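Notes to accompany the following structure.
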Amino acid sequence: MITSNRFSIPVTTLPHVRHLLSSVLAQRSSGKLWCHPGQKVFFSYGSAWGISEAIKALLKFRGKAQGVIFLPDYFCNQALMPLRLQPVQLAFYPVTENLNPDWSLMGNLITQYGSPDVFILVHYFGFPGEITRATQFCQQVGAELLEDGAHVLMPFGEVGKNSWVTVFSPYKLLPIPKIGIVVTSEKNEIYKEKYWGGGKFDIDVCKWIGKRSLQSFLTYCKISWRNGKVAQFELDIETEFNENLTISTFPLQLLKILESKLSGYKIIRREYYKIIEEQILLIKNDVANPVFLSLPDDVCPYLFPMRMHSSIIENVYYSLNRMGIPAQTWPDLPPEIKENPYNKIAKKLRGSILTIPIHQSLTKNHIEYIAHNLHDVILEALRNK
Ligand SMILES: Cc1ncc(COP(=O)(O)O)c(C=O)c1O
């Protein structure tokens with residue numbers, strides 16, 4: 001039996017002290033790694049603020065007092081908070097079971113709201129969405145395409161190549177304080193001001209360094225530090241709404257230090273993804289499956305999402321968390337979606353997908369512990385069904 005200290009498995013990536021120290025004297029990241037030729041980059045306080053500020057600029061450019069945004073109904077409510085402050089109507093388009101926009105229903109949405117100013121396409125869990133289809137749709141209706149790459153480590157293939165704006169949230173995949181990256185063509189004017197105007201550190205950055213360094217140290221010493229509280233399966237965790245802040249320079253310096261390590265992190269994430277995938281596929285029963293049929297060559301997965309039968313999902317969720325394996329649900333659906341019978345697939349996805357961490361701060365031991373117990377927990381849940 002592979003063992004691991006309960007609650008010592010980190011939910012998120014953790015920094016190395018040597019990276020923290022060397023970043024103090026490092027240059028700031030220019031963000032160019034996230035650009036294709038002919039593109040420029042801005043930093044924002046996370047993707048949600050990046051999306052909101054870019055849309056604000058577009059409406060100004062188009063001389064419109066009110067805009068229409070098409071976005072998927074399978075989306076995080078918290079990520080919409082900054083956008084809700086803009087004079088826009090949010091038109092949620094349904095997604096299909098395989099997380100693509102349901103193109104057959106776009107006509108209905110246009111009848112109801114008119115043509116969108118912006119169409120948001122999400123690359124869920126780091127896997128590319130239907131970019132070509134989305135580009136064609138935008139050309140037909142005169143909308144700008146915004147690619148939401150909040151779960152993408154860095155651009156690859158067609159991701160971020162030709163759309164109006166692409167946003168990234170490197171802090172979700174790397175051990176850095178909260179920043180977002182907004183990429184657009186050199187010809188576009190989306191921000192007037194630079195958002196990194198703050199000092200070297202700010203209070204949030206200092207808190208982040210203190211907390212993550214402690215977690216890193218405790219994890220290294222195999223000391224349990226997570227409190228073991230498990231959120232109720234059906235409840236969405238309410239996170240506090242953060243005001244739009246300027247970015248201090250330290251996160252950009254730390255990002256610069258980590259840039260040379262991105263390909264290595266991608267290799268580890270892919271390796272861990274495949275270890276979990278193998279265990280799930282061993283269960284020759286249709287009760288648990290990876291959400292994605294395969295892992296394309298260039299994808300760097302954010303999490304391992306798995307689809308689970310309604311008869312076992314809650315049991316598996318609680319059992320894993322009780323063992324210290326941080327299985328999570330995603331997302332906290334917007335209230336309009338929760339209340340609307342029309343968006344039944346988004347609700348079904350919320351109730352049938354669990355995610356498992358596969359990030360680079362996990363050790364081989366952690367991932368083997370997760371994989372082994374995941375397999376056993378699913379079989380046990382099946383027996384108790
Ligand atoms: C798909 C997606 N887009 C955007 C966001 C917002 O990202 P950020 O936390 O960088 O503002 C999230 C956040 O969870 C997300 O899951």
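Following the order of the structure tokens, chains are lettered A, B, ..., residues in each are numbered from 1, and ligands are numbered from 1.
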Could you please write out, as a PyMOL selection string, every residue of region 147-378 of chain A that DSSP assigns to strand (DSSP E or B)? chain A and resi 147-149+165-168+180-185+288-290+303-308+328+353-357
Could you list, as a tab-separated table (two decimals) with N, CA, C and O atoms, in the first residue's frame, all protein and nucleic acid residues with an atom at most 7 Å from ligand 1, counting only C-alpha atoms and all ligand atoms?
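Once everything was written out, this is selection_18.tsv:
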```tsv
chain	number	residue	atom	x	y	z
A	45	TYR	N	-4.71	42.13	-13.19
A	45	TYR	CA	-4.84	41.45	-11.90
A	45	TYR	C	-5.76	40.23	-12.10
A	45	TYR	O	-6.93	40.22	-11.72
A	46	GLY	N	-5.22	39.20	-12.78
A	46	GLY	CA	-5.99	37.98	-13.10
A	46	GLY	C	-6.72	38.14	-14.43
A	46	GLY	O	-6.87	39.24	-14.95
A	47	SER	N	-7.17	36.99	-14.95
A	47	SER	CA	-7.87	36.99	-16.25
A	47	SER	C	-9.20	37.70	-16.20
A	47	SER	O	-9.61	38.34	-17.17
A	48	ALA	N	-9.91	37.57	-15.07
A	48	ALA	CA	-11.25	38.13	-15.01
A	48	ALA	C	-11.21	39.64	-15.22
A	48	ALA	O	-12.00	40.20	-15.97
A	49	TRP	N	-10.23	40.31	-14.58
A	49	TRP	CA	-10.09	41.75	-14.77
A	49	TRP	C	-9.57	42.05	-16.17
A	49	TRP	O	-9.94	43.07	-16.77
A	75	PHE	N	-19.27	28.09	-16.74
A	75	PHE	CA	-18.29	29.14	-16.46
A	75	PHE	C	-18.37	29.49	-14.98
A	75	PHE	O	-19.38	29.30	-14.33
A	76	CYS	N	-17.28	30.04	-14.51
A	76	CYS	CA	-17.14	30.36	-13.09
A	76	CYS	C	-17.82	31.70	-12.77
A	76	CYS	O	-17.46	32.72	-13.38
A	78	GLN	N	-17.48	33.55	-10.17
A	78	GLN	CA	-16.52	34.49	-9.58
A	78	GLN	C	-15.73	35.22	-10.68
A	78	GLN	O	-15.44	36.41	-10.55
A	79	ALA	N	-15.45	34.52	-11.78
A	79	ALA	CA	-14.69	35.13	-12.87
A	79	ALA	C	-15.51	36.17	-13.62
A	79	ALA	O	-14.97	36.93	-14.42
A	122	VAL	N	-13.68	29.23	-24.18
A	122	VAL	CA	-12.82	28.79	-23.07
A	122	VAL	C	-12.04	27.53	-23.46
A	122	VAL	O	-12.60	26.60	-24.04
A	124	TYR	N	-10.97	24.78	-21.77
A	124	TYR	CA	-11.15	24.15	-20.46
A	124	TYR	C	-9.99	23.24	-20.08
A	124	TYR	O	-9.59	22.38	-20.86
A	148	ASP	N	-10.32	32.49	-23.74
A	148	ASP	CA	-10.06	32.43	-22.31
A	148	ASP	C	-9.10	31.26	-22.06
A	148	ASP	O	-9.50	30.10	-22.05
A	149	GLY	N	-7.82	31.62	-21.89
A	149	GLY	CA	-6.80	30.60	-21.64
A	149	GLY	C	-6.38	30.60	-20.17
A	149	GLY	O	-5.21	30.32	-19.87
A	150	ALA	N	-7.34	30.88	-19.28
A	150	ALA	CA	-7.01	30.92	-17.84
A	150	ALA	C	-6.43	29.58	-17.37
A	150	ALA	O	-5.69	29.54	-16.39
A	151	HIS	N	-6.77	28.48	-18.05
A	151	HIS	CA	-6.27	27.16	-17.64
A	151	HIS	C	-5.08	26.72	-18.50
A	151	HIS	O	-4.66	25.56	-18.40
A	169	SER	N	-3.88	33.03	-17.07
A	169	SER	CA	-3.74	33.21	-15.61
A	169	SER	C	-2.56	32.38	-15.13
A	169	SER	O	-2.76	31.32	-14.53
A	179	ILE	N	-1.51	37.10	-11.06
A	179	ILE	CA	-1.42	38.02	-12.20
A	179	ILE	C	-2.11	37.38	-13.40
A	179	ILE	O	-2.25	36.16	-13.48
A	180	GLY	N	-2.55	38.21	-14.32
A	180	GLY	CA	-3.12	37.73	-15.57
A	180	GLY	C	-2.33	38.31	-16.72
A	180	GLY	O	-1.64	39.33	-16.56
```
So that I can check the secondary structure, give me every residue of region 80-299 of chain A assigned helix (DSSP H, G or I) by backbone DSSP, as a PyMOL selection string. chain A and resi 80-84+103-113+124-126+131-141+170-173+203-220+249-259+262-282
Would you compute the distance between CA of Lys172 (chain A) and CA of Val159 (chain A)? Give it in Å to one decimal.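 Between these atoms lies a distance of 17.7 Å.
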Per-residue nearest contacts region 81-162 of chain A to region 35-40 of chain A, cut-off 10 Å, using only C-alpha atoms, as a Markdown table:
```
| residue | atom | partner | partner_atom | distance |
| --- | --- | --- | --- | --- |
| A:Met154 | CA | A:Cys35 | CA | 9.0 |
| A:Pro155 | CA | A:Cys35 | CA | 7.5 |
| A:Phe156 | CA | A:His36 | CA | 9.5 |
| A:Glu158 | CA | A:His36 | CA | 9.8 |
| A:Val159 | CA | A:His36 | CA | 9.6 |
| A:Gly160 | CA | A:His36 | CA | 7.5 |
| A:Lys161 | CA | A:His36 | CA | 6.1 |
| A:Asn162 | CA | A:His36 | CA | 8.8 |
```
Prev. selection, N, CA and C atoms, output as a tab-separated table (two decimals), in the first residue's frame:
```
chain	number	residue	atom	x	y	z
A	154	MET	N	0.85	28.03	-21.51
A	154	MET	CA	1.40	28.97	-22.50
A	154	MET	C	0.79	28.64	-23.84
A	155	PRO	N	0.79	29.59	-24.78
A	155	PRO	CA	0.10	29.33	-26.05
A	155	PRO	C	0.74	28.17	-26.81
A	156	PHE	N	-0.07	27.45	-27.55
A	156	PHE	CA	0.43	26.36	-28.40
A	156	PHE	C	-0.54	26.20	-29.56
A	158	GLU	N	-2.93	26.63	-32.34
A	158	GLU	CA	-3.70	27.81	-32.79
A	158	GLU	C	-4.12	28.68	-31.61
A	159	VAL	N	-3.85	28.24	-30.39
A	159	VAL	CA	-4.32	28.99	-29.21
A	159	VAL	C	-3.69	30.39	-29.19
A	160	GLY	N	-4.53	31.39	-29.17
A	160	GLY	CA	-4.06	32.78	-29.04
A	160	GLY	C	-3.45	33.36	-30.30
A	161	LYS	N	-3.54	32.65	-31.43
A	161	LYS	CA	-2.82	33.09	-32.63
A	161	LYS	C	-3.52	34.25	-33.34
A	162	ASN	N	-4.81	34.09	-33.56
A	162	ASN	CA	-5.49	35.06	-34.42
A	162	ASN	C	-6.64	35.80	-33.78
```
Please, which residues in region 180-227 of chain A fall within 7 Å of region 11-27 of chain A when counting only C-alpha atoms, and what is the closest atom pair and distance in Å to one decimal for each, ordered by chain then residue number, as a tab-separated table?
```
residue	atom	partner	partner_atom	distance
A:Arg212	CA	A:Leu14	CA	6.1
A:Ser213	CA	A:Pro15	CA	6.7
A:Ser216	CA	A:Leu14	CA	5.6
```
Spatial neighbours of region 274-283 of chain A, max dist 8 Å, only C-alpha atoms, sep filter under 5 positions, as an NGL selection string: :A and (288-290 or 304 or 367-368 or 370-372 or 374-375 or 379)
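When CA of Ala54 (chain A) is paired with CA of Glu189 (chain A), their separation reads 9.1 Å.
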Please list as a PyMOL selection string every residue within 6 Å of region 107-117 of chain A, counting only C-alpha atoms and excluding residues in the same chain fewer than 3 positions away. chain A and resi 68-69+141+143
Keeping N, CA, C and O atoms for every residue in the selection just given, could you write it to a file as a compact mmCIF listing (two decimals), in the first residue's frame?
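File selection-v2.txt, as written:
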```txt
# COMPACT_ATOMS: atom_id res chain seq x y z
N VAL A 68 -23.04 43.36 -25.98
CA VAL A 68 -23.57 42.00 -25.79
C VAL A 68 -22.39 41.03 -25.84
O VAL A 68 -21.59 41.06 -26.77
N ILE A 69 -22.30 40.21 -24.81
CA ILE A 69 -21.18 39.26 -24.73
C ILE A 69 -21.75 37.84 -24.74
O ILE A 69 -22.60 37.50 -23.92
N VAL A 141 -20.86 37.10 -37.65
CA VAL A 141 -21.75 37.98 -36.89
C VAL A 141 -21.09 39.31 -36.50
O VAL A 141 -21.70 40.13 -35.82
N ALA A 143 -18.39 39.78 -34.58
CA ALA A 143 -17.95 39.83 -33.17
C ALA A 143 -16.43 39.69 -33.10
O ALA A 143 -15.79 39.23 -34.04
```
Residue neighbourhood Leu153 (chain A), 7 Å, only C-alpha atoms, exclusion window fewer than 2 positions, as a compact mmCIF listing (two decimals) with N, CA, C and O atoms, in the first residue's frame:
```
# COMPACT_ATOMS: atom_id res chain seq x y z
N HIS A 151 -6.77 28.48 -18.05
CA HIS A 151 -6.27 27.16 -17.64
C HIS A 151 -5.08 26.72 -18.50
O HIS A 151 -4.66 25.56 -18.40
N PRO A 170 -1.32 32.82 -15.38
CA PRO A 170 -0.18 31.96 -15.05
C PRO A 170 -0.13 31.57 -13.57
O PRO A 170 0.42 30.53 -13.22
N LEU A 173 -1.21 28.00 -12.64
CA LEU A 173 -0.37 26.84 -12.95
C LEU A 173 1.05 26.96 -12.43
O LEU A 173 1.82 26.00 -12.47
N CYS A 300 -0.72 21.12 -22.23
CA CYS A 300 -0.23 21.04 -20.86
C CYS A 300 -1.47 21.06 -19.96
O CYS A 300 -2.11 22.11 -19.81
```
What's the separation between CA of Phe168 (chain A) and CA of Phe92 (chain A), in Å to one decimal place?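 Those two atoms sit 21.0 Å apart.
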For region 342-347 of chain A, list every protein, DNA or RNA residue within 8 Å, evaluated using only C-alpha atoms, and leave out those in the same chain fewer than 3 positions away; present the list as a list in words. Asp73, Tyr74, Pro94, Val95, Thr96, Glu97, Leu333, Ile337, Lys338, Arg350 and Gly351 of chain A
Dump C-alpha atoms for the selected residues as a compact mmCIF listing (two decimals), in the first residue's frame?
```txt
# COMPACT_ATOMS: atom_id res chain seq x y z
CA ASP A 73 -22.89 28.69 -19.50
CA TYR A 74 -20.29 26.31 -18.02
CA PRO A 94 -24.98 26.26 -23.80
CA VAL A 95 -22.01 23.92 -24.09
CA THR A 96 -22.25 20.30 -25.20
CA GLU A 97 -21.26 17.29 -23.09
CA LEU A 333 -22.02 28.26 -11.80
CA ILE A 337 -27.52 29.26 -15.00
CA LYS A 338 -28.41 27.43 -11.80
CA ARG A 350 -21.06 20.59 -12.66
CA GLY A 351 -22.59 17.54 -10.93
```
Compare A:Val230, A:Ile181, A:Ile267, A:Leu80 by their minimum atom-to-atom distance to Gln360 (chain A), counting only C-alpha atoms, and give me the closest one.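 Nearest candidate to Gln360 (chain A) out of A:Val230, A:Ile181, A:Ile267, A:Leu80: A:Ile267.
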